[in-house]
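Student: Let me begin by handing over the structure; questions about it come next.
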Amino acid sequence: TITDEIIGKLENGIKAIAKEKIWQNGKKNSFDIFTDVIADSYYSQFADKVNNSATTKLFAMQTDTHYSYFNGYSSYTQIRQMRKALKLALVPTIVNLGDLCNGWCPKPSHCSDVMHAIWDYSKFGNAYIQLVGNHDDNSWWEHEYGANKPAGVITPEEWHDMAYSKTKDYGVYMPYGKRYGSYDDVPNKVRYIFLDTLDIDYTLLNEDGTLKYDGQWKSAIRQEQLDFLCKALLTRRDFRIVILSHHPLHSNGGVVNSDLVRGILEAYKNKTTYTGTSTITDFEASIAVDFSGDGTMVNAKLVGCFNGHTHADAIVLENGINYVGTTCAFVPSDSQDRSSSDETMNAFDVVAITSTTCYLYRFGYGSDRSFVFG
């Protein structure tokens, strides 16, 4: 268990000694021993469906786990069920698209939840990509019950410290202090670019010293991250590209500057140029990028953009790009068609491709899906 002493050490930031204690506590919990209501035959059927398909398996994708020991250990089982399934259904990479934790608790408890959940995923044995969601910076609790000050939220630097410590060994790249990055699956020639849709400046304050923007309610992508996206696309000209984000990036996603992201991605897909600007206060940006190149872009393909956040399955096609939403892993309290006593208690996808088609094989609640790309 996490002691009061360790919780206290977390209050002024993520301390190395406290982190190590939490990692060690996690090791005491046997990952393979848990109460599972899903029949073994369901796991076998799922694995057969994935393994026997004539596709290239890319990644397993779970989102909106809302893990929380503080609130009753939500999603403890869902993460373990995913690992059990992936011992049978073989994929090289796992992704959590954000809202890893619920964020409805004081910062020290939330930091503990984040580190426990990250430890769980890091022990799958696969390359592991962890995105940040609007529940993950703890601004919800800080706004409602705290002082709404920077000290009460998990900053990008603190998130980087926690997430990168357990993903870098697999070759995942995150610029220092950032919550976005990339990962190359070299054997399958796929580059994953994961974006931070909570890209806000936590040092901007109101006159009373409170946060001007809360990650819980404000989603955006700023100049530096847009530049990173352009560079990440330009430097892997012969790889297929998978874009990952917590919030949807289509035109109804509500992310500030997502129009610039779409402009970049559409230019990449069509091998053309793009220029765009944003004059939104605190989110000003200017982009000029050329993907027409020297012919080396011909083999580069954008598979699609994958997101969580909405707690719903959706595929939105805009200007030739598929924006793929996946439902939440946890069972919402108001759900009318999910149960905690059968396979609908969980939901995640294994994503696989052929040269032109992407398939999403569903474990748990929901159904298989597919779309054409290229």
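Letters for chains follow the order of the structure tokens (A, B, ...), residue numbers begin at 1 for each chain, and ligand numbers begin at 1 in the order shown.
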Under the rule of at most 9 Å, produce a per-residue listing of segment 226-338 of chain A near segment 127-150 of chain A: chain, number, name, the closest pair of atoms, and the distance in Å, as a tab-separated table, using only C-alpha atoms.
Tutor:
residue	atom	partner	partner_atom	distance
A:Leu244	CA	A:Leu131	CA	8.0
A:Ser245	CA	A:Leu131	CA	7.0
A:His246	CA	A:Gly133	CA	5.5
A:His247	CA	A:Gly133	CA	7.7
A:Gly308	CA	A:Gly133	CA	8.6
A:His309	CA	A:Gly133	CA	7.4
Student: Could you give me, as JSON lines, a per-residue list for segment 225-316 of chain A showing, wherever an atom lies at most 12 Å from an atom of segment 199-205 of chain A, the closest pair of atoms and their distance in Å to one decimal, using only C-alpha atoms and sorting by chain then residue number from low to high?
Tutor:
{"residue": "A:Gln225", "atom": "CA", "partner": "A:Asp199", "partner_atom": "CA", "distance": 8.2}
{"residue": "A:Leu226", "atom": "CA", "partner": "A:Asp199", "partner_atom": "CA", "distance": 10.6}
{"residue": "A:Ser245", "atom": "CA", "partner": "A:Asp199", "partner_atom": "CA", "distance": 11.5}
{"residue": "A:His246", "atom": "CA", "partner": "A:Asp199", "partner_atom": "CA", "distance": 11.5}
{"residue": "A:His247", "atom": "CA", "partner": "A:Asp199", "partner_atom": "CA", "distance": 11.5}
{"residue": "A:Val255", "atom": "CA", "partner": "A:Asp199", "partner_atom": "CA", "distance": 9.8}
{"residue": "A:Val256", "atom": "CA", "partner": "A:Asp199", "partner_atom": "CA", "distance": 9.4}
{"residue": "A:Asn257", "atom": "CA", "partner": "A:Asp199", "partner_atom": "CA", "distance": 10.4}
{"residue": "A:Ser258", "atom": "CA", "partner": "A:Asp199", "partner_atom": "CA", "distance": 11.5}
{"residue": "A:Thr281", "atom": "CA", "partner": "A:Ile200", "partner_atom": "CA", "distance": 11.7}
{"residue": "A:Asp282", "atom": "CA", "partner": "A:Asp201", "partner_atom": "CA", "distance": 8.3}
{"residue": "A:Phe283", "atom": "CA", "partner": "A:Ile200", "partner_atom": "CA", "distance": 8.4}
{"residue": "A:Glu284", "atom": "CA", "partner": "A:Ile200", "partner_atom": "CA", "distance": 11.9}
Student: Using only C-alpha atoms, which of the listed residues (A:Asn52, A:Ser339, A:Ser68, A:Ser182) sits closest to Ile243 of chain A?
Tutor: A:Ser182
Student: Please, what distance in Å, to one decimal, runs between atom CA of Ala300 of chain A and atom CA of Leu58 of chain A?
Tutor: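 Computed distance, atom CA of Ala300 of chain A to atom CA of Leu58 of chain A, equals 16.2 Å.
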Student: Give the alpha helix (DSSP H) residues of segment 164-271 of chain A, as DSSP finds them on the backbone, and put them as a list in words.
Tutor: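 Result set for segment 164-271 of chain A (alpha helix (DSSP H)): Tyr164, Gln223, Glu224, Gln225, Leu226, Asp227, Phe228, Leu229, Cys230, Lys231, Ala232, Leu233, Leu234, Ser258, Asp259, Leu260, Val261, Arg262, Gly263, Ile264, Leu265, Glu266, Ala267, Tyr268, Lys269 and Asn270 of chain A.
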Student: For the residues in that selection, give me N, CA, C and O atoms as a JSON list (two decimals), in the first residue's frame.
Tutor:
[["chain", "number", "residue", "atom", "x", "y", "z"],
["A", 164, "TYR", "N", 7.45, 8.91, -19.40],
["A", 164, "TYR", "CA", 8.64, 8.59, -20.18],
["A", 164, "TYR", "C", 9.54, 7.60, -19.46],
["A", 164, "TYR", "O", 10.24, 6.81, -20.09],
["A", 223, "GLN", "N", 2.15, 26.11, -31.26],
["A", 223, "GLN", "CA", 3.15, 26.21, -32.32],
["A", 223, "GLN", "C", 4.23, 25.14, -32.24],
["A", 223, "GLN", "O", 4.53, 24.47, -33.24],
["A", 224, "GLU", "N", 4.85, 24.98, -31.09],
["A", 224, "GLU", "CA", 5.98, 24.06, -30.98],
["A", 224, "GLU", "C", 5.58, 22.63, -31.33],
["A", 224, "GLU", "O", 6.33, 21.90, -31.99],
["A", 225, "GLN", "N", 4.37, 22.25, -30.93],
["A", 225, "GLN", "CA", 3.91, 20.90, -31.24],
["A", 225, "GLN", "C", 3.55, 20.76, -32.72],
["A", 225, "GLN", "O", 3.79, 19.70, -33.32],
["A", 226, "LEU", "N", 3.01, 21.80, -33.32],
["A", 226, "LEU", "CA", 2.73, 21.78, -34.75],
["A", 226, "LEU", "C", 4.03, 21.62, -35.54],
["A", 226, "LEU", "O", 4.09, 20.86, -36.52],
["A", 227, "ASP", "N", 5.08, 22.31, -35.11],
["A", 227, "ASP", "CA", 6.38, 22.17, -35.76],
["A", 227, "ASP", "C", 6.91, 20.74, -35.61],
["A", 227, "ASP", "O", 7.48, 20.17, -36.55],
["A", 228, "PHE", "N", 6.71, 20.16, -34.43],
["A", 228, "PHE", "CA", 7.13, 18.78, -34.20],
["A", 228, "PHE", "C", 6.40, 17.83, -35.14],
["A", 228, "PHE", "O", 7.00, 16.91, -35.72],
["A", 229, "LEU", "N", 5.10, 18.03, -35.31],
["A", 229, "LEU", "CA", 4.31, 17.18, -36.20],
["A", 229, "LEU", "C", 4.85, 17.25, -37.63],
["A", 229, "LEU", "O", 5.03, 16.21, -38.28],
["A", 230, "CYS", "N", 5.12, 18.45, -38.11],
["A", 230, "CYS", "CA", 5.65, 18.59, -39.48],
["A", 230, "CYS", "C", 6.98, 17.86, -39.62],
["A", 230, "CYS", "O", 7.21, 17.13, -40.61],
["A", 231, "LYS", "N", 7.86, 18.04, -38.66],
["A", 231, "LYS", "CA", 9.18, 17.40, -38.73],
["A", 231, "LYS", "C", 9.05, 15.89, -38.66],
["A", 231, "LYS", "O", 9.74, 15.16, -39.40],
["A", 232, "ALA", "N", 8.16, 15.39, -37.79],
["A", 232, "ALA", "CA", 7.98, 13.94, -37.66],
["A", 232, "ALA", "C", 7.44, 13.32, -38.94],
["A", 232, "ALA", "O", 7.78, 12.18, -39.28],
["A", 233, "LEU", "N", 6.62, 14.07, -39.67],
["A", 233, "LEU", "CA", 6.10, 13.57, -40.94],
["A", 233, "LEU", "C", 7.16, 13.62, -42.04],
["A", 233, "LEU", "O", 7.24, 12.72, -42.89],
["A", 234, "LEU", "N", 7.99, 14.64, -42.03],
["A", 234, "LEU", "CA", 8.98, 14.82, -43.09],
["A", 234, "LEU", "C", 10.16, 13.88, -42.96],
["A", 234, "LEU", "O", 10.82, 13.57, -43.96],
["A", 258, "SER", "N", -6.84, 22.69, -34.31],
["A", 258, "SER", "CA", -6.94, 21.41, -35.02],
["A", 258, "SER", "C", -7.11, 21.61, -36.51],
["A", 258, "SER", "O", -6.81, 20.71, -37.31],
["A", 259, "ASP", "N", -7.58, 22.80, -36.93],
["A", 259, "ASP", "CA", -7.66, 23.08, -38.36],
["A", 259, "ASP", "C", -6.27, 23.10, -38.99],
["A", 259, "ASP", "O", -6.09, 22.65, -40.13],
["A", 260, "LEU", "N", -5.28, 23.58, -38.23],
["A", 260, "LEU", "CA", -3.91, 23.56, -38.73],
["A", 260, "LEU", "C", -3.38, 22.12, -38.80],
["A", 260, "LEU", "O", -2.68, 21.76, -39.74],
["A", 261, "VAL", "N", -3.72, 21.32, -37.82],
["A", 261, "VAL", "CA", -3.34, 19.91, -37.84],
["A", 261, "VAL", "C", -3.93, 19.22, -39.07],
["A", 261, "VAL", "O", -3.23, 18.50, -39.79],
["A", 262, "ARG", "N", -5.20, 19.45, -39.31],
["A", 262, "ARG", "CA", -5.85, 18.83, -40.47],
["A", 262, "ARG", "C", -5.21, 19.32, -41.76],
["A", 262, "ARG", "O", -5.03, 18.53, -42.71],
["A", 263, "GLY", "N", -4.88, 20.60, -41.84],
["A", 263, "GLY", "CA", -4.23, 21.12, -43.03],
["A", 263, "GLY", "C", -2.90, 20.44, -43.28],
["A", 263, "GLY", "O", -2.56, 20.09, -44.43],
["A", 264, "ILE", "N", -2.13, 20.22, -42.22],
["A", 264, "ILE", "CA", -0.84, 19.53, -42.34],
["A", 264, "ILE", "C", -1.05, 18.10, -42.81],
["A", 264, "ILE", "O", -0.37, 17.62, -43.74],
["A", 265, "LEU", "N", -2.00, 17.40, -42.19],
["A", 265, "LEU", "CA", -2.21, 15.99, -42.52],
["A", 265, "LEU", "C", -2.78, 15.82, -43.93],
["A", 265, "LEU", "O", -2.42, 14.88, -44.64],
["A", 266, "GLU", "N", -3.64, 16.72, -44.34],
["A", 266, "GLU", "CA", -4.19, 16.63, -45.69],
["A", 266, "GLU", "C", -3.11, 16.89, -46.74],
["A", 266, "GLU", "O", -3.08, 16.24, -47.79],
["A", 267, "ALA", "N", -2.22, 17.84, -46.44],
["A", 267, "ALA", "CA", -1.10, 18.09, -47.36],
["A", 267, "ALA", "C", -0.17, 16.88, -47.42],
["A", 267, "ALA", "O", 0.33, 16.52, -48.50],
["A", 268, "TYR", "N", 0.05, 16.25, -46.28],
["A", 268, "TYR", "CA", 0.88, 15.04, -46.24],
["A", 268, "TYR", "C", 0.25, 13.93, -47.08],
["A", 268, "TYR", "O", 0.94, 13.27, -47.88],
["A", 269, "LYS", "N", -1.04, 13.73, -46.89],
["A", 269, "LYS", "CA", -1.73, 12.67, -47.63],
["A", 269, "LYS", "C", -1.68, 12.92, -49.13],
["A", 269, "LYS", "O", -1.48, 11.99, -49.92],
["A", 270, "ASN", "N", -1.86, 14.18, -49.53],
["A", 270, "ASN", "CA", -1.95, 14.52, -50.95],
["A", 270, "ASN", "C", -0.62, 14.91, -51.56],
["A", 270, "ASN", "O", -0.55, 15.23, -52.76]]
